[in-house]
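Dropping start32.cif in here (mmCIF, C-alpha atoms):
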data_model
#
loop_
_atom_site.label_atom_id
_atom_site.label_comp_id
_atom_site.auth_asym_id
_atom_site.auth_seq_id
_atom_site.Cartn_x
_atom_site.Cartn_y
_atom_site.Cartn_z
CA MET A 194 21.24 62.07 79.33
CA SER A 195 23.42 60.26 76.77
CA ALA A 196 26.26 62.73 77.36
CA ILE A 197 26.17 62.03 81.11
CA THR A 198 26.16 58.29 80.47
CA GLU A 199 29.11 58.61 78.09
CA GLU A 200 31.05 60.63 80.66
CA VAL A 201 30.37 58.03 83.34
CA VAL A 202 31.54 55.21 81.04
CA ASP A 203 34.71 57.13 80.13
CA SER A 204 35.53 58.01 83.73
CA ALA A 205 34.95 54.47 84.98
CA SER A 206 37.06 52.84 82.28
CA ILE A 207 39.92 55.36 82.63
CA ALA A 208 39.97 55.09 86.43
CA ALA A 209 39.94 51.29 86.33
CA ALA A 210 42.70 51.17 83.73
CA SER A 211 44.84 53.67 85.66
CA THR A 212 44.51 51.75 88.95
CA LYS A 213 45.32 48.46 87.24
CA ARG A 214 48.42 49.88 85.52
CA LYS A 215 49.74 51.33 88.79
CA SER A 216 49.32 48.05 90.67
CA LEU A 217 50.92 46.07 87.85
CA TRP A 218 53.93 48.38 87.69
CA LEU A 219 54.39 48.14 91.47
CA VAL A 220 54.56 44.37 91.12
CA ALA A 221 56.79 44.62 88.04
CA ILE A 222 59.54 46.60 89.76
CA ARG A 223 59.64 43.96 92.51
CA ASN A 224 60.10 41.14 90.02
CA PRO A 225 63.70 39.82 90.27
CA ASN A 226 63.90 39.30 86.51
CA VAL A 227 62.94 42.92 85.85
CA ILE A 228 65.47 44.17 88.41
CA PHE A 229 68.30 41.92 87.18
CA GLY A 230 67.74 42.67 83.50
CA GLY A 231 67.14 46.35 84.18
CA VAL A 232 70.40 46.76 86.12
CA ILE A 233 72.47 45.18 83.34
CA LEU A 234 70.65 47.16 80.66
CA LEU A 235 71.07 50.40 82.62
CA THR A 236 74.79 49.66 82.97
CA MET A 237 75.10 49.21 79.21
CA LEU A 238 73.21 52.45 78.67
CA VAL A 239 75.57 54.33 80.99
CA ILE A 240 78.56 52.82 79.18
CA ALA A 241 77.15 53.94 75.83
CA ILE A 242 76.49 57.50 77.04
CA LEU A 243 79.87 57.86 78.77
CA ALA A 244 81.87 56.14 76.02
CA PRO A 245 83.85 59.35 75.17
CA PHE A 246 84.95 59.61 78.81
CA LEU A 247 85.47 55.91 79.53
CA GLY A 248 87.35 55.19 76.30
CA THR A 249 91.13 55.43 76.33
CA VAL A 250 91.61 56.52 72.71
CA ASP A 251 89.72 57.40 69.53
CA PRO A 252 88.04 54.12 68.40
CA THR A 253 88.83 54.87 64.75
CA ARG A 254 92.50 55.72 65.34
CA ILE A 255 94.75 53.42 63.27
CA ASP A 256 98.21 52.57 64.61
CA PRO A 257 100.06 50.05 62.38
CA ALA A 258 102.85 49.69 64.97
CA SER A 259 100.36 48.37 67.55
CA ARG A 260 98.55 45.75 65.47
CA ASN A 261 97.10 42.64 67.12
CA LYS A 262 98.32 43.32 70.65
CA LYS A 263 96.94 41.03 73.32
CA PRO A 264 94.87 42.37 76.27
CA GLY A 265 96.98 44.06 78.94
CA THR A 266 99.85 44.95 76.60
CA GLU A 267 101.50 48.33 77.13
CA ILE A 268 101.54 50.37 73.93
CA THR A 269 103.59 53.44 72.99
CA TYR A 270 101.74 55.70 70.58
CA ARG A 271 102.35 59.06 69.00
CA LEU A 272 100.17 62.05 69.87
CA ASP A 273 99.02 64.71 67.41
CA ASP A 274 101.66 67.16 68.68
CA GLY A 275 104.48 64.75 67.84
CA THR A 276 105.18 63.52 71.38
CA THR A 277 104.74 59.94 72.52
CA ALA A 278 102.76 58.44 75.39
CA LYS A 279 102.09 55.02 76.83
CA ARG A 280 98.82 53.28 77.62
CA VAL A 281 97.63 49.80 78.42
CA ALA A 282 95.42 48.11 75.82
CA ILE A 283 92.81 46.71 78.23
CA MET A 284 91.17 44.52 75.58
CA GLY A 285 94.04 44.47 73.09
CA THR A 286 94.09 45.89 69.58
CA ASP A 287 92.80 44.69 66.22
CA SER A 288 94.59 44.06 62.92
CA LEU A 289 94.73 47.82 62.21
CA GLY A 290 96.03 48.75 65.66
CA ARG A 291 92.71 50.19 66.84
CA ASP A 292 91.87 49.90 70.52
CA VAL A 293 89.29 47.14 71.03
CA TYR A 294 88.22 48.50 74.43
CA SER A 295 87.25 51.90 73.01
CA ARG A 296 85.58 50.31 70.00
CA VAL A 297 83.48 48.03 72.20
CA LEU A 298 82.32 50.98 74.31
CA TYR A 299 81.33 53.00 71.24
CA GLY A 300 79.74 49.89 69.73
CA ALA A 301 77.24 49.91 72.60
CA ARG A 302 75.90 53.19 71.23
CA VAL A 303 75.11 51.67 67.84
CA SER A 304 73.54 48.49 69.19
CA LEU A 305 71.34 50.21 71.77
CA ALA A 306 70.33 52.90 69.28
CA VAL A 307 69.26 50.27 66.77
CA GLY A 308 67.40 48.26 69.41
CA VAL A 309 65.48 51.24 70.79
CA ALA A 310 64.72 52.73 67.36
CA VAL A 311 63.46 49.45 65.90
CA SER A 312 61.36 48.70 68.98
CA VAL A 313 59.72 52.14 69.13
CA ILE A 314 59.07 52.45 65.39
CA SER A 315 57.79 48.88 65.00
CA VAL A 316 55.44 49.22 67.98
CA ALA A 317 54.15 52.62 66.84
CA ILE A 318 53.43 51.53 63.27
CA GLY A 319 52.14 48.09 64.21
CA MET A 320 49.88 49.54 66.90
CA VAL A 321 48.09 51.88 64.49
CA ILE A 322 47.72 49.27 61.74
CA GLY A 323 46.62 46.63 64.26
CA LEU A 324 43.96 48.93 65.72
CA VAL A 325 42.52 49.60 62.27
CA SER A 326 42.71 45.95 61.25
CA GLY A 327 41.04 44.70 64.42
CA TYR A 328 38.27 47.28 64.57
CA VAL A 329 37.48 48.10 60.92
CA ARG A 330 36.09 44.82 59.63
CA TRP A 331 36.24 45.58 55.90
CA ALA A 332 39.93 46.56 56.09
CA ASP A 333 40.93 43.53 58.16
CA GLY A 334 41.21 41.09 55.26
CA ILE A 335 43.28 43.41 53.08
CA ILE A 336 45.70 44.40 55.84
CA MET A 337 46.24 40.89 57.15
CA ARG A 338 46.95 39.44 53.71
CA ILE A 339 49.71 42.05 53.30
CA MET A 340 51.07 41.20 56.76
CA ASP A 341 50.94 37.47 55.98
CA GLY A 342 52.92 38.12 52.80
CA LEU A 343 55.65 39.93 54.73
CA MET A 344 55.76 37.24 57.41
CA ALA A 345 56.14 34.53 54.76
CA ILE A 346 59.66 35.84 54.06
CA PRO A 347 62.29 35.07 56.73
CA GLY A 348 63.08 38.29 58.59
CA ILE A 349 66.86 38.13 58.14
CA LEU A 350 66.53 37.49 54.39
CA LEU A 351 64.10 40.38 53.98
CA ALA A 352 66.46 42.64 55.94
CA ILE A 353 69.41 41.58 53.77
CA ALA A 354 67.41 42.29 50.61
CA LEU A 355 66.34 45.74 51.82
CA VAL A 356 69.86 46.69 52.92
CA SER A 357 71.22 45.56 49.55
CA ILE A 358 68.86 47.91 47.72
CA TRP A 359 69.93 51.07 49.54
CA ARG A 360 73.26 52.34 50.78
CA ALA A 361 74.42 50.77 54.02
CA GLY A 362 73.95 52.97 57.09
CA LEU A 363 72.25 53.22 60.46
CA ILE A 364 68.92 54.45 59.05
CA THR A 365 68.91 51.77 56.36
CA VAL A 366 69.59 49.02 58.89
CA VAL A 367 66.81 50.27 61.19
CA PHE A 368 64.34 50.40 58.29
CA ALA A 369 65.37 46.93 57.09
CA ILE A 370 64.72 45.45 60.54
CA VAL A 371 61.47 47.37 61.15
CA VAL A 372 59.75 46.08 57.99
CA PRO A 373 59.71 42.37 58.99
CA ASP A 374 58.95 43.25 62.64
CA VAL A 375 55.80 45.32 62.01
CA PRO A 376 53.58 42.33 61.03
CA ARG A 377 54.29 40.66 64.38
CA VAL A 378 53.10 43.74 66.25
CA VAL A 379 50.06 44.07 63.97
CA ARG A 380 48.94 40.50 64.66
CA LEU A 381 49.37 41.01 68.42
CA VAL A 382 47.37 44.25 68.53
CA ARG A 383 44.70 42.88 66.19
CA SER A 384 44.15 39.82 68.41
CA ILE A 385 43.69 42.06 71.45
CA VAL A 386 41.32 44.41 69.65
CA LEU A 387 39.17 41.52 68.41
CA THR A 388 38.70 40.44 72.03
CA VAL A 389 38.31 43.87 73.65
CA ARG A 390 35.74 45.22 71.18
CA GLU A 391 33.26 42.62 72.44
CA GLU A 392 33.60 43.75 76.07
CA PRO A 393 30.50 45.28 77.75
CA TYR A 394 32.13 48.67 78.42
CA VAL A 395 33.03 49.01 74.73
CA GLU A 396 29.51 48.09 73.71
CA GLY A 397 28.25 50.62 76.25
CA ALA A 398 30.42 53.34 74.73
CA ILE A 399 29.13 52.44 71.26
CA SER A 400 25.52 52.56 72.45
CA VAL A 401 25.89 56.15 73.68
CA GLY A 402 27.30 57.25 70.33
CA THR A 403 31.01 57.56 71.15
CA PRO A 404 32.98 58.51 67.99
CA THR A 405 35.07 55.70 66.51
CA TRP A 406 38.44 57.39 66.98
CA ILE A 407 37.70 58.11 70.67
CA LEU A 408 36.50 54.54 71.13
CA MET A 409 39.69 53.12 69.62
CA PHE A 410 42.21 55.34 71.41
CA ARG A 411 40.48 55.80 74.77
CA HIS A 412 38.79 52.44 75.39
CA ILE A 413 40.66 49.88 73.27
CA LEU A 414 44.23 51.20 72.99
CA PRO A 415 45.00 51.15 76.78
CA ASN A 416 44.44 47.38 76.77
CA THR A 417 47.31 46.93 74.29
CA VAL A 418 49.91 48.89 76.29
CA ALA A 419 51.10 46.07 78.56
CA PRO A 420 51.48 43.44 75.78
CA LEU A 421 53.19 46.01 73.54
CA ILE A 422 55.73 46.86 76.25
CA VAL A 423 56.63 43.19 76.55
CA GLN A 424 56.70 42.74 72.79
CA GLY A 425 58.87 45.85 72.46
CA THR A 426 61.57 44.38 74.70
CA PHE A 427 61.81 41.22 72.62
CA LEU A 428 61.87 43.26 69.40
CA ALA A 429 64.76 45.33 70.78
CA ALA A 430 66.77 42.20 71.64
CA ALA A 431 66.11 40.66 68.23
CA ALA A 432 67.01 43.92 66.48
CA ILE A 433 70.38 44.10 68.24
CA LEU A 434 71.17 40.54 67.14
CA THR A 435 70.01 41.22 63.58
CA GLU A 436 72.13 44.37 63.34
CA ALA A 437 75.16 42.42 64.57
CA ALA A 438 74.48 39.69 62.02
CA LEU A 439 74.12 42.18 59.16
CA SER A 440 77.30 43.99 60.17
CA PHE A 441 79.12 40.68 60.56
CA LEU A 442 78.12 39.83 56.99
CA GLY A 443 79.43 43.21 55.83
CA ILE A 444 76.08 44.66 54.73
CA GLY A 445 75.02 46.50 57.87
CA ILE A 446 76.68 49.42 59.62
CA PRO A 447 79.62 50.82 57.56
CA PRO A 448 83.04 49.44 58.68
CA GLU A 449 84.29 52.86 59.75
CA ILE A 450 81.57 53.05 62.42
CA PRO A 451 82.44 50.84 65.43
CA SER A 452 79.71 48.33 66.19
CA TRP A 453 79.86 44.95 67.88
CA GLY A 454 79.07 43.18 64.62
CA ASN A 455 81.81 45.05 62.74
CA ILE A 456 84.39 44.36 65.43
CA MET A 457 83.66 40.63 65.34
CA ALA A 458 83.61 40.59 61.53
CA GLU A 459 87.05 42.21 61.35
CA GLY A 460 88.49 39.80 63.91
CA ARG A 461 87.08 36.53 62.57
CA THR A 462 90.01 35.81 60.22
CA LEU A 463 92.50 35.76 63.11
CA PHE A 464 90.16 34.32 65.72
CA ARG A 465 92.36 31.31 66.55
CA VAL A 466 95.42 33.48 67.23
CA PHE A 467 93.77 36.63 68.61
CA PRO A 468 90.37 35.62 70.02
CA HIS A 469 89.98 38.88 71.97
CA ASN A 470 88.76 40.66 68.82
CA ILE A 471 85.59 38.55 68.92
CA LEU A 472 85.44 37.54 72.58
CA TYR A 473 84.90 40.97 74.17
CA PRO A 474 82.29 42.40 71.77
CA GLY A 475 80.58 38.99 71.87
CA ILE A 476 80.36 39.14 75.67
CA PHE A 477 78.85 42.64 75.59
CA LEU A 478 76.40 41.60 72.87
CA ALA A 479 75.33 38.47 74.76
CA LEU A 480 74.92 40.34 78.07
CA THR A 481 72.79 43.06 76.47
CA VAL A 482 70.48 40.66 74.66
CA LEU A 483 70.25 38.43 77.74
CA ALA A 484 69.37 41.40 79.96
CA ILE A 485 66.62 42.58 77.60
CA ASN A 486 65.13 39.10 77.30
CA ILE A 487 65.21 38.51 81.07
CA MET A 488 63.57 41.88 81.69
CA GLY A 489 60.99 41.09 79.02
CA ASP A 490 60.19 37.76 80.68
CA GLY A 491 59.72 39.54 84.00
CA LEU A 492 57.42 42.12 82.46
CA ARG A 493 55.44 39.41 80.70
CA ASP A 494 54.98 37.47 83.93
CA THR A 495 53.70 40.62 85.63
CA LEU A 496 51.70 42.40 82.94
CA ASP A 497 50.09 39.34 81.31
CA PRO A 498 46.79 38.77 83.16
CA LYS A 499 47.16 34.98 82.91
CA MET A 500 50.75 35.02 84.19
CA SER A 501 50.28 37.75 86.80
CA LYS A 502 48.02 35.49 88.85
CA LYS A 503 51.05 33.25 89.45
CA VAL A 504 53.31 36.13 90.55
#
As structure tokens, please, write out the structure in this file.
Amino acid sequence: MSAITEEVVDSASIAAASTKRKSLWLVAIRNPNVIFGGVILLTMLVIAILAPFLGTVDPTRIDPASRNKKPGTEITYRLDDGTTAKRVAIMGTDSLGRDVYSRVLYGARVSLAVGVAVSVISVAIGMVIGLVSGYVRWADGIIMRIMDGLMAIPGILLAIALVSIWRAGLITVVFAIVVPDVPRVVRLVRSIVLTVREEPYVEGAISVGTPTWILMFRHILPNTVAPLIVQGTFLAAAAILTEAALSFLGIGIPPEIPSWGNIMAEGRTLFRVFPHNILYPGIFLALTVLAINIMGDGLRDTLDPKMSKKV
């Protein structure tokens, strides 16, 4: 009899959760903020993927004869076979003669990769730790004191310290940004778990002897999906800005790898004379972060039960 009751509880909770998620996503894709932010973000993603085809020249190619050319200038450059060719520097060149247009396109790859990686890893780790902290009462105090300790240190300072310890690189930057972001996800998941574990359907599952791991992942975890999706978008936007800041300070992505932060860092000394070195990567950076934040606001308005009533 208990097995039948457990099956009924599981089926009812899964069916209700599935129907709710479908209806919420139907509303989400009709939200203008989600559409607007999604279109811009999708455009940036396409640019990043097609960078080798959209770019006019190798982004790391140095041409001393074409240094600091303004946007729209026609440049004559030498090919590998010894012949010469002409091209228009759409966004100008930097102090080493590298094409800013190609570097900005390839920089989208680095920024989006960092944003996605940090968001996914932070949410995955924070979700597991938050579930344990919220459901296992004896572990809650220990885990949260560790999280409070990490949150007491400003995120950018902690990232700078971690990057300084290891060699600069993409993996190091991602790790340095993930560490201060995990406590935020843990606190979010923990707060949801503390509320959900008191719900009648969870108590019903406990009363029929449902194993703890099934209870956590089948009954409690689905309630954290919507808030985590929203939180993940904001983490991605913050990660892109943090990576740009670290690269701008010279302790993030190595200079030989084109990223928006590196491009702006290399052009800051001649900003008054040649502002295009900072202007164009800054525009792409601002548009990407703005698109992610707008899309996140739209998802929050739709997926948050309190906000969705107003939509």
Selection in question (the file shown): the PyMOL selection byres ((chain A and resi 477) around 12). Which residues does it include, as a VMD selection string? chain A and resid 233 to 234 236 to 238 240 to 241 294 296 to 302 304 to 305 433 to 434 437 452 to 454 456 to 457 471 to 476 478 to 484
Of the listed residues A:Ala361, A:Asn486, A:Arg390, A:Leu381, that which approaches Pro447 (chain A) most closely, counting all atoms listed in the file: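 Checking each candidate against Pro447 (chain A), we get A:Ala361 as the closest.
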Selection result of the PyMOL selection byres ((chain A and resi 429) around 9) on this file, as an mmCIF file with C-alpha atoms, keeping the file's coordinate frame:
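Dumped to selection_29.cif:
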data_model
loop_
_atom_site.group_PDB
_atom_site.id
_atom_site.type_symbol
_atom_site.label_atom_id
_atom_site.label_comp_id
_atom_site.auth_asym_id
_atom_site.auth_seq_id
_atom_site.Cartn_x
_atom_site.Cartn_y
_atom_site.Cartn_z
ATOM 1 C CA LEU A 305 71.340 50.210 71.770
ATOM 2 C CA VAL A 307 69.260 50.270 66.770
ATOM 3 C CA GLY A 308 67.400 48.260 69.410
ATOM 4 C CA VAL A 309 65.480 51.240 70.790
ATOM 5 C CA ALA A 310 64.720 52.730 67.360
ATOM 6 C CA VAL A 311 63.460 49.450 65.900
ATOM 7 C CA SER A 312 61.360 48.700 68.980
ATOM 8 C CA VAL A 313 59.720 52.140 69.130
ATOM 9 C CA GLN A 424 56.700 42.740 72.790
ATOM 10 C CA GLY A 425 58.870 45.850 72.460
ATOM 11 C CA THR A 426 61.570 44.380 74.700
ATOM 12 C CA PHE A 427 61.810 41.220 72.620
ATOM 13 C CA LEU A 428 61.870 43.260 69.400
ATOM 14 C CA ALA A 430 66.770 42.200 71.640
ATOM 15 C CA ALA A 431 66.110 40.660 68.230
ATOM 16 C CA ALA A 432 67.010 43.920 66.480
ATOM 17 C CA ILE A 433 70.380 44.100 68.240
ATOM 18 C CA LEU A 434 71.170 40.540 67.140
ATOM 19 C CA VAL A 482 70.480 40.660 74.660
ATOM 20 C CA ILE A 485 66.620 42.580 77.600
#
Given all atoms listed in the file as the counted atoms, nearest of A:Ile385, A:Ile314, A:Leu351, A:Ile370 to Gly327 (chain A):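 Comparing A:Ile385, A:Ile314, A:Leu351, A:Ile370 against Gly327 (chain A), the winner is A:Ile385.
Distance-wise, CA of Ala352 (chain A) and CA of Ala317 (chain A) end up 19.2 Å apart.
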Under the rule that only C-alpha atoms are counted, which of A:Val303, A:Val367, A:Asp287, A:Pro264 is the nearest residue to Phe464 (chain A)? A:Asp287
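With distances taken over all atoms listed in the file, A:Pro451 is the one residue among A:Pro468, A:Gly319, A:Gly489, A:Pro451 lying closest to Ala244 (chain A).
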Identify, on the basis of only C-alpha atoms, every residue whose closest approach to Thr388 (chain A) does not exceed 12 Å; exclude the query and any residue fewer than 6 positions from it along the same chain; express the result as JSON, numbers by chain. {"A": [324, 327, 328, 381, 382, 395, 413, 416, 417]}
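CA of Gly334 (chain A) to CA of Val371 (chain A) spans 22.0 Å [interatomic distance, one decimal].
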Straight-line distance linking CA of Asn455 (chain A) with CA of Pro257 (chain A), stated in Å to one decimal: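 Answer for the CA of Asn455 (chain A) to CA of Pro257 (chain A) separation: 18.9 Å.
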Quick one: residues within 9 Å of (91.3, 50.5, 71.5) (file frame), counting only C-alpha atoms, please, as number ranges by chain. A: 248-254, 282-287, 290-297
Mind working out the centre and edge lengths of an axis-aligned box for region 303-313 of chain A, all listed atoms inside, 3 Å added to each side, rounded to one decimal in Å and written as JSON?
{"center_x": 67.4, "center_y": 50.6, "center_z": 68.8, "size_x": 21.4, "size_y": 10.6, "size_z": 11.9}
Just add N, CA and C atoms to region 422-455 of chain A and send it as a compact mmCIF listing (two decimals), in the coordinates of the input.
# COMPACT_ATOMS: atom_id res chain seq x y z
N ILE A 422 54.48 46.63 75.52
CA ILE A 422 55.73 46.86 76.25
C ILE A 422 56.57 45.59 76.27
N VAL A 423 55.92 44.47 76.54
CA VAL A 423 56.63 43.19 76.55
C VAL A 423 57.15 42.86 75.16
N GLN A 424 56.30 43.03 74.16
CA GLN A 424 56.70 42.74 72.79
C GLN A 424 57.85 43.65 72.36
N GLY A 425 57.81 44.90 72.81
CA GLY A 425 58.87 45.85 72.46
C GLY A 425 60.23 45.43 72.97
N THR A 426 60.29 44.83 74.16
CA THR A 426 61.57 44.38 74.70
C THR A 426 62.16 43.25 73.85
N PHE A 427 61.33 42.33 73.44
CA PHE A 427 61.81 41.22 72.62
C PHE A 427 62.21 41.70 71.23
N LEU A 428 61.50 42.69 70.70
CA LEU A 428 61.87 43.26 69.40
C LEU A 428 63.22 43.95 69.49
N ALA A 429 63.48 44.65 70.60
CA ALA A 429 64.76 45.33 70.78
C ALA A 429 65.91 44.32 70.81
N ALA A 430 65.73 43.23 71.56
CA ALA A 430 66.77 42.20 71.64
C ALA A 430 67.03 41.57 70.27
N ALA A 431 65.96 41.25 69.56
CA ALA A 431 66.11 40.66 68.23
C ALA A 431 66.76 41.63 67.26
N ALA A 432 66.44 42.92 67.37
CA ALA A 432 67.01 43.92 66.48
C ALA A 432 68.52 44.06 66.70
N ILE A 433 68.95 44.01 67.95
CA ILE A 433 70.38 44.10 68.24
C ILE A 433 71.12 42.91 67.63
N LEU A 434 70.55 41.72 67.74
CA LEU A 434 71.17 40.54 67.14
C LEU A 434 71.18 40.62 65.61
N THR A 435 70.09 41.11 65.04
CA THR A 435 70.01 41.22 63.58
C THR A 435 71.01 42.23 63.05
N GLU A 436 71.15 43.36 63.75
CA GLU A 436 72.13 44.37 63.34
C GLU A 436 73.54 43.79 63.39
N ALA A 437 73.84 43.04 64.46
CA ALA A 437 75.16 42.42 64.57
C ALA A 437 75.39 41.42 63.45
N ALA A 438 74.35 40.67 63.09
CA ALA A 438 74.48 39.69 62.02
C ALA A 438 74.71 40.37 60.68
N LEU A 439 73.95 41.45 60.42
CA LEU A 439 74.12 42.18 59.16
C LEU A 439 75.51 42.80 59.07
N SER A 440 75.97 43.39 60.17
CA SER A 440 77.30 43.99 60.17
C SER A 440 78.38 42.92 60.04
N PHE A 441 78.16 41.77 60.66
CA PHE A 441 79.12 40.68 60.56
C PHE A 441 79.24 40.20 59.12
N LEU A 442 78.11 40.24 58.40
CA LEU A 442 78.12 39.83 56.99
C LEU A 442 78.65 40.92 56.07
N GLY A 443 78.88 42.11 56.63
CA GLY A 443 79.43 43.21 55.83
C GLY A 443 78.41 44.03 55.08
N ILE A 444 77.11 43.91 55.44
CA ILE A 444 76.08 44.66 54.73
C ILE A 444 75.24 45.50 55.69
N GLY A 445 75.76 45.72 56.89
CA GLY A 445 75.02 46.50 57.87
C GLY A 445 75.62 47.86 58.07
N ILE A 446 76.05 48.15 59.30
CA ILE A 446 76.68 49.42 59.62
C ILE A 446 78.02 49.52 58.88
N PRO A 447 78.34 50.67 58.27
CA PRO A 447 79.62 50.82 57.56
C PRO A 447 80.81 50.47 58.45
N PRO A 448 81.88 49.89 57.88
CA PRO A 448 83.04 49.44 58.68
C PRO A 448 83.70 50.54 59.50
N GLU A 449 83.63 51.78 59.01
CA GLU A 449 84.29 52.86 59.75
C GLU A 449 83.57 53.23 61.05
N ILE A 450 82.33 52.79 61.19
CA ILE A 450 81.57 53.05 62.42
C ILE A 450 81.71 51.84 63.34
N PRO A 451 82.27 52.00 64.54
CA PRO A 451 82.44 50.84 65.43
C PRO A 451 81.11 50.29 65.92
N SER A 452 80.87 49.04 65.66
CA SER A 452 79.71 48.33 66.19
C SER A 452 80.17 46.93 66.56
N TRP A 453 79.44 46.27 67.42
CA TRP A 453 79.86 44.95 67.88
C TRP A 453 79.94 43.96 66.72
N GLY A 454 79.03 44.06 65.78
CA GLY A 454 79.07 43.18 64.62
C GLY A 454 80.29 43.44 63.76
N ASN A 455 80.63 44.71 63.54
CA ASN A 455 81.81 45.05 62.74
C ASN A 455 83.09 44.58 63.40
